[in-house]
$ cat target39.txt   # compact mmCIF, C-alpha atoms
# COMPACT_ATOMS: atom_id res chain seq x y z
CA MET A 1387 50.65 98.09 127.85
CA LYS A 1388 51.34 96.43 131.17
CA ASN A 1389 49.85 93.17 129.90
CA LYS A 1390 52.09 93.25 126.83
CA LEU A 1391 55.12 93.92 129.02
CA TRP A 1392 54.29 90.99 131.30
CA LEU A 1393 53.77 88.79 128.23
CA ILE A 1394 57.20 89.73 126.91
CA VAL A 1395 58.78 89.02 130.31
CA LEU A 1396 56.99 85.66 130.46
CA ILE A 1397 58.13 84.66 126.97
CA VAL A 1398 61.74 85.65 127.71
CA SER A 1399 61.66 83.73 131.01
CA LEU A 1400 60.23 80.64 129.37
CA ALA A 1401 62.85 80.84 126.62
CA ALA A 1402 65.59 81.08 129.25
CA VAL A 1403 64.19 78.01 131.05
CA VAL A 1404 64.05 76.06 127.78
CA VAL A 1405 67.64 77.00 126.84
CA SER A 1406 68.84 76.15 130.34
CA GLY A 1407 67.06 72.79 130.16
CA ILE A 1408 68.62 72.02 126.79
CA ASN A 1409 72.09 72.87 128.13
CA VAL A 1410 71.58 70.66 131.18
CA PHE A 1411 70.41 67.83 128.95
CA ARG A 1412 73.42 68.19 126.67
CA LEU A 1413 75.80 68.29 129.63
CA SER A 1414 74.17 65.23 131.20
CA ARG A 1415 74.40 63.38 127.90
CA GLU A 1416 78.10 64.26 127.59
CA TYR A 1417 78.73 63.14 131.15
CA GLN A 1418 77.06 59.82 130.43
CA LYS A 1419 79.06 59.31 127.25
CA GLY A 1420 82.23 59.97 129.22
CA ILE A 1421 81.18 57.54 131.96
CA ASN A 1422 80.37 54.85 129.39
CA GLU A 1423 83.71 55.26 127.64
CA TYR A 1424 85.79 54.98 130.81
CA GLN A 1425 83.74 52.06 132.10
CA GLN A 1426 84.62 50.25 128.88
CA LEU A 1427 88.29 51.21 129.24
CA GLU A 1428 88.37 49.63 132.71
CA SER A 1429 88.13 46.24 131.00
CA TYR A 1430 91.68 46.83 129.73
CA ALA A 1431 93.07 47.07 133.28
CA SER A 1432 92.35 44.42 135.89
CA VAL A 1433 93.15 45.58 139.44
CA LYS A 1434 94.14 43.13 142.15
CA GLU A 1435 94.75 44.17 145.74
CA GLU A 1436 96.99 41.63 147.39
CA ALA A 1437 96.60 40.88 151.08
CA PRO A 1438 99.83 40.32 153.03
CA VAL A 1439 100.84 36.66 153.32
CA GLN A 1440 100.36 35.45 156.90
CA GLU A 1441 101.89 31.99 156.57
CA GLU A 1442 105.48 31.34 157.54
CA SER A 1443 107.84 31.58 154.61
CA THR A 1444 110.22 28.82 153.68
CA GLU A 1445 113.92 29.55 153.61
CA ALA A 1446 113.83 29.69 149.80
CA GLU A 1447 110.95 32.13 149.84
CA GLU A 1448 112.70 34.36 152.35
CA THR A 1449 115.53 34.86 149.92
CA GLU A 1450 113.14 36.29 147.35
CA GLU A 1451 112.51 40.01 147.40
CA GLU A 1452 109.02 40.75 148.63
CA SER A 1453 106.86 43.27 146.79
CA LEU A 1454 106.47 46.60 148.54
CA ILE A 1455 103.45 47.50 146.43
CA PRO A 1456 100.26 45.71 147.60
CA VAL A 1457 98.30 46.45 144.42
CA SER A 1458 98.84 45.08 140.94
CA VAL A 1459 97.16 45.97 137.66
CA ASP A 1460 97.14 43.70 134.65
CA ILE A 1461 97.16 46.25 131.82
CA GLN A 1462 96.48 45.41 128.19
CA TYR A 1463 99.13 47.92 127.26
CA ASP A 1464 99.23 47.22 123.52
CA GLU A 1465 95.47 47.58 123.21
CA LEU A 1466 95.41 50.89 125.06
CA LYS A 1467 98.32 52.15 122.96
CA ARG A 1468 96.42 51.12 119.84
CA ILE A 1469 93.41 53.17 120.98
CA ASN A 1470 95.57 56.15 121.95
CA GLU A 1471 99.31 56.40 121.40
CA ASP A 1472 99.45 59.10 124.12
CA PHE A 1473 98.71 56.47 126.80
CA ALA A 1474 101.29 56.96 129.57
CA GLY A 1475 100.11 54.85 132.51
CA TRP A 1476 97.18 53.89 134.73
CA LEU A 1477 96.22 55.84 137.87
CA TYR A 1478 94.52 54.00 140.73
CA TYR A 1479 93.15 55.19 144.09
CA GLU A 1480 90.45 52.86 145.36
CA PRO A 1481 88.82 54.99 148.14
CA LEU A 1482 87.65 57.59 145.60
CA ASP A 1483 86.97 55.14 142.74
CA ILE A 1484 89.80 56.63 140.69
CA SER A 1485 90.92 54.10 138.09
CA TYR A 1486 91.77 55.78 134.80
CA PRO A 1487 94.32 55.75 132.00
CA ILE A 1488 96.72 58.69 131.94
CA VAL A 1489 97.61 60.41 128.68
CA ARG A 1490 100.18 63.02 127.77
CA GLY A 1491 99.47 65.25 124.79
CA ASN A 1492 101.36 67.93 122.91
CA ASP A 1493 99.88 70.66 125.13
CA ASN A 1494 97.71 71.04 128.22
CA ASP A 1495 94.59 72.06 126.32
CA TYR A 1496 93.56 69.17 124.08
CA TYR A 1497 92.71 66.66 126.81
CA THR A 1498 90.63 69.17 128.72
CA HIS A 1499 88.14 68.85 125.84
CA TYR A 1500 88.72 65.35 124.44
CA THR A 1501 88.44 61.90 126.00
CA PHE A 1502 90.96 59.08 125.90
CA GLU A 1503 89.36 57.79 122.71
CA GLY A 1504 89.54 61.21 121.06
CA GLU A 1505 85.87 62.12 121.43
CA LYS A 1506 85.07 65.81 122.02
CA ASN A 1507 83.52 65.84 125.47
CA SER A 1508 83.51 68.17 128.48
CA SER A 1509 84.65 65.25 130.64
CA GLY A 1510 88.05 65.39 128.98
CA ALA A 1511 90.69 62.92 130.16
CA ILE A 1512 93.13 62.38 133.01
CA PHE A 1513 96.34 63.80 131.59
CA MET A 1514 99.95 64.52 132.49
CA ASP A 1515 101.51 67.93 132.00
CA PHE A 1516 102.94 67.84 128.50
CA LEU A 1517 106.34 69.01 129.79
CA ASN A 1518 106.66 66.06 132.20
CA LYS A 1519 108.53 62.87 131.35
CA THR A 1520 106.49 59.70 130.93
CA ASP A 1521 108.97 57.72 133.04
CA TYR A 1522 107.79 59.78 136.07
CA SER A 1523 111.34 60.87 136.86
CA ASP A 1524 110.67 64.60 137.33
CA TYR A 1525 110.75 66.21 140.76
CA ASN A 1526 107.13 67.20 140.24
CA THR A 1527 104.87 65.23 137.89
CA ILE A 1528 101.50 66.96 137.47
CA ILE A 1529 98.33 65.00 136.62
CA TYR A 1530 95.21 66.99 135.70
CA GLY A 1531 91.56 65.98 135.64
CA HIS A 1532 88.18 67.74 135.57
CA ASN A 1533 86.15 68.26 138.75
CA MET A 1534 83.03 66.55 137.39
CA ARG A 1535 79.75 67.26 139.16
CA ASN A 1536 78.84 63.58 139.08
CA GLY A 1537 82.04 62.68 140.97
CA THR A 1538 83.82 60.99 138.06
CA MET A 1539 87.33 61.84 136.85
CA PHE A 1540 88.81 64.04 139.63
CA GLY A 1541 85.39 65.14 140.91
CA SER A 1542 85.92 63.23 144.16
CA LEU A 1543 89.26 64.82 145.14
CA LYS A 1544 87.54 67.72 146.92
CA LYS A 1545 86.23 65.26 149.52
CA MET A 1546 89.76 65.05 150.89
CA LEU A 1547 89.71 68.74 151.82
CA ASN A 1548 86.91 68.20 154.32
CA ASP A 1549 87.46 64.60 155.37
CA SER A 1550 91.09 63.88 156.24
CA SER A 1551 90.22 60.34 157.30
CA ILE A 1552 90.22 59.37 153.59
CA GLN A 1553 93.93 59.98 153.12
CA GLU A 1554 94.84 59.04 156.69
CA GLU A 1555 93.23 55.59 156.38
CA ASN A 1556 94.23 55.11 152.74
CA PRO A 1557 97.49 57.03 152.24
CA ASN A 1558 98.71 55.44 149.01
CA PHE A 1559 97.76 55.83 145.38
CA TYR A 1560 99.39 54.05 142.44
CA VAL A 1561 100.53 54.50 138.87
CA PHE A 1562 101.26 51.57 136.57
CA THR A 1563 103.09 51.63 133.25
CA GLU A 1564 104.08 48.85 130.88
CA ASP A 1565 107.18 47.96 132.88
CA LYS A 1566 106.97 49.80 136.22
CA ALA A 1567 104.70 50.17 139.24
CA TYR A 1568 104.84 53.32 141.39
CA MET A 1569 103.39 53.87 144.86
CA TYR A 1570 102.88 57.42 146.17
CA GLU A 1571 102.08 58.34 149.77
CA ILE A 1572 99.73 61.31 150.16
CA PHE A 1573 101.36 63.93 152.37
CA ALA A 1574 99.50 67.18 151.64
CA VAL A 1575 96.09 68.46 150.57
CA TYR A 1576 95.34 72.12 149.88
CA LEU A 1577 93.64 74.80 147.80
CA THR A 1578 95.69 77.05 145.57
CA GLN A 1579 95.44 79.35 142.54
CA ALA A 1580 95.91 78.30 138.93
CA ASP A 1581 99.04 80.44 138.67
CA SER A 1582 100.63 79.35 141.97
CA ARG A 1583 104.08 77.79 142.24
CA THR A 1584 102.39 74.39 142.51
CA TYR A 1585 102.52 74.36 138.72
CA ASP A 1586 106.18 75.25 138.38
CA LEU A 1587 107.97 72.36 136.74
CA ILE A 1588 110.73 71.87 139.26
CA ARG A 1589 114.17 71.34 137.71
CA ASN A 1590 116.63 71.28 140.62
CA GLU A 1591 116.72 70.47 144.34
CA GLU A 1592 116.89 74.11 145.45
CA GLU A 1593 113.66 74.93 143.62
CA GLN A 1594 112.13 71.71 144.90
CA GLN A 1595 112.88 72.68 148.50
CA GLY A 1596 111.27 76.07 147.92
CA PHE A 1597 108.19 74.30 146.61
CA LEU A 1598 108.05 71.99 149.65
CA ASP A 1599 108.34 75.01 151.97
CA TYR A 1600 105.42 76.57 150.12
CA VAL A 1601 103.41 73.37 150.60
CA ASP A 1602 104.07 73.38 154.36
CA GLU A 1603 102.77 76.96 154.56
CA THR A 1604 99.74 76.36 152.34
CA ALA A 1605 98.49 72.88 153.17
CA THR A 1606 94.98 72.47 154.56
CA TRP A 1607 96.08 69.02 155.68
CA ARG A 1608 99.68 67.86 156.07
CA SER A 1609 100.81 64.42 157.25
CA ASP A 1610 103.92 63.90 159.35
CA LYS A 1611 105.68 62.34 156.36
CA VAL A 1612 109.15 63.82 155.91
CA VAL A 1613 109.66 64.81 152.26
CA SER A 1614 113.09 65.90 151.08
CA ALA A 1615 114.18 67.96 148.08
CA SER A 1616 115.52 64.84 146.36
CA ASP A 1617 112.16 63.04 146.48
CA LYS A 1618 109.84 62.65 143.50
CA VAL A 1619 106.43 64.22 143.97
CA MET A 1620 103.18 63.68 142.08
CA THR A 1621 100.57 66.46 141.99
CA LEU A 1622 96.91 65.60 141.35
CA SER A 1623 95.14 68.79 140.30
CA THR A 1624 91.53 69.72 139.59
CA CYS A 1625 89.37 72.85 139.45
CA HIS A 1626 87.66 73.62 142.75
CA GLY A 1627 84.48 74.96 141.15
CA LEU A 1628 82.89 76.06 137.90
CA HIS A 1629 84.70 79.07 136.40
CA SER A 1630 86.86 79.23 139.53
CA ASN A 1631 90.56 80.08 139.59
CA ASN A 1632 90.96 77.86 142.66
CA ARG A 1633 92.49 74.42 142.37
CA THR A 1634 92.26 71.40 144.66
CA ILE A 1635 95.67 69.79 145.09
CA ILE A 1636 96.59 66.33 146.35
CA LEU A 1637 100.33 65.73 146.75
CA GLY A 1638 101.95 62.32 146.93
CA VAL A 1639 105.61 61.42 147.37
CA LEU A 1640 107.10 58.38 145.65
CA VAL A 1641 107.77 55.75 148.33
CA ALA A 1642 108.23 52.63 146.18
CA SER A 1643 108.76 51.62 142.57
CA GLU A 1644 109.17 48.16 141.13
CA ASP A 1645 109.66 46.49 137.79
CA ARG A 1646 106.60 44.73 136.42
$ encode --input "target39.txt" --output "structure tokens"
Amino acid sequence: MKNKLWLIVLIVSLAAVVVSGINVFRLSREYQKGINEYQQLESYASVKEEAPVQEESTEAEETEEESLIPVSVDIQYDELKRINEDFAGWLYYEPLDISYPIVRGNDNDYYTHYTFEGEKNSSGAIFMDFLNKTDYSDYNTIIYGHNMRNGTMFGSLKKMLNDSSIQEENPNFYVFTEDKAYMYEIFAVYLTQADSRTYDLIRNEEEQQGFLDYVDETATWRSDKVVSASDKVMTLSTCHGLHSNNRTIILGVLVASEDR
């Protein structure tokens, strides 16, 4: 009887190992498909970081307005729109290898399960809250992405919780659209809950000030950047762990925008 019981336990254990192995294989295959897709999409956006000009400017050059944004991205906008009409811009933050197209869907569910090219995949896409405006004019524009185990998508954001030198040495991230370039300065990093006021879509300055007060109280890391209620903020949000209600938040304030 004991031998039969041990045999049953062994068979069940082996079955569990096999199922677990199959699930890991499927997940790894999905991850790789997602990586391959976004590597191909990078060919539609050529990033150029421009070093400051050291030579003396001529009088004519001095009259020209100098760019405040030291990064430019040559986006094949029409091609990306052809692939996905929800394309709403390109997000770039070099220290964490974040260089992805942003989409905005009809809800906040679809792009948690589907990639930019519309393939069902656990990698999902980098997407804007569907209630935000695609001209980035809201007080709080929220951008979501999965916390991927392999570090892709927003899987690298959690590094900023434990290593503040990342944002201190590289304070700016960028968003590029067809006709505008936006530069955001990171001013806060923190953990919060999925139902916290971080996700309130701010509609007036009074509510915005309440949100900023909440950030000051909650932030794991806060720069000395002064942010006012009239400023435009961008929230980068990702899950902090598998099946966790915690969220890793990176907040940037708009410090420059230019026509492209």
$ closest_atom_pairs --input "target39.txt" --of "segment 1516-1542 of chain A" --to "segment 1554-1572 of chain A" --cutoff "10 Å" --atoms "only C-alpha atoms" --output "Markdown table"
| residue | atom | partner | partner_atom | distance |
| --- | --- | --- | --- | --- |
| A:Thr1520 | CA | A:Thr1563 | CA | 9.1 |
| A:Asp1521 | CA | A:Thr1563 | CA | 8.5 |
| A:Tyr1522 | CA | A:Tyr1568 | CA | 8.9 |
$ residues_around --input "target39.txt" --residues "Val1601 of chain A" --least-positions-apart "4" --cutoff "8 Å" --atoms "only C-alpha atoms" --output "list in words"
Ala1574, Phe1597 and Ala1605 of chain A
$ axis_aligned_box --input "target39.txt" --around "segment 1530-1534 of chain A" --padding-each-side "6 Å" --output "JSON"
{"center_x": 89.1, "center_y": 67.1, "center_z": 137.2, "size_x": 24.2, "size_y": 14.3, "size_z": 15.2}
$ closest_residue --input "target39.txt" --among "A:Lys1545, A:Glu1452, A:Asp1586, A:Cys1625" --to "Gly1531 of chain A" --atoms "all atoms listed in the file"
A:Cys1625
$ residues_around --input "target39.txt" --residues "Glu1503 of chain A" --least-positions-apart "5" --cutoff "12 Å" --atoms "only C-alpha atoms" --output "PyMOL selection string"
chain A and resi 1419-1420+1422-1424+1426-1427+1465-1473+1487-1489+1497+1509-1512
$ residues_near_point --input "target39.txt" --point "(88.9, 61.5, 145.5)" --cutoff "9 Å" --atoms "all atoms listed in the file" --output "PyMOL selection string"
chain A and resi 1479-1484+1537+1539-1546+1552
$ atom_distance --input "target39.txt" --atom1 "atom CA of Leu1547 of chain A" --atom2 "atom CA of Asn1632 of chain A"
13.0 Å
$ closest_residue --input "target39.txt" --among "A:Glu1592, A:Arg1633, A:Asp1524, A:Asn1533" --to "Val1619 of chain A" --atoms "all atoms listed in the file"
A:Asp1524
$ closest_residue --input "target39.txt" --among "A:Leu1517, A:Ala1615, A:Ile1528, A:Ala1474" --to "Asn1590 of chain A" --atoms "only C-alpha atoms"
A:Ala1615
$ atom_distance --input "target39.txt" --atom1 "atom CA of Tyr1585 of chain A" --atom2 "atom CA of Ile1529 of chain A"
10.5 Å
$ atom_distance --input "target39.txt" --atom1 "atom CA of Met1514 of chain A" --atom2 "atom CA of Tyr1530 of chain A"
6.2 Å
$ closest_residue --input "target39.txt" --among "A:Val1612, A:Val1641, A:Val1459, A:Ile1588" --to "Tyr1525 of chain A" --atoms "only C-alpha atoms"
A:Ile1588
$ residues_around --input "target39.txt" --residues "Asp1617 of chain A" --least-positions-apart "4" --cutoff "7 Å" --atoms "only C-alpha atoms" --output "PyMOL selection string"
chain A and resi 1525+1613+1639-1640
$ write_last_selection --input "target39.txt" --atoms "C-alpha atoms" --output "PDB file, in the frame of the given file"
ATOM      1  CA  TYR A1525     110.750  66.210 140.760  1.00  0.00           C
ATOM      2  CA  VAL A1613     109.660  64.810 152.260  1.00  0.00           C
ATOM      3  CA  VAL A1639     105.610  61.420 147.370  1.00  0.00           C
ATOM      4  CA  LEU A1640     107.100  58.380 145.650  1.00  0.00           C
TER       5      LEU A1640
END
$ closest_residue --input "target39.txt" --among "A:Leu1637, A:Met1534, A:Leu1454, A:Ala1642" --to "Phe1573 of chain A" --atoms "all atoms listed in the file"
A:Leu1637
$ closest_residue --input "target39.txt" --among "A:Lys1519, A:Arg1490, A:Lys1434, A:His1499" --to "Asp1460 of chain A" --atoms "only C-alpha atoms"
A:Lys1434
$ residues_around --input "target39.txt" --residues "Thr1584 of chain A" --least-positions-apart "5" --cutoff "9 Å" --atoms "all atoms listed in the file" --output "list of chain:residue names"
A:Asn1526, A:Thr1578, A:Gln1579, A:Phe1597, A:Tyr1600, A:Val1601, A:Thr1621, A:Ile1635
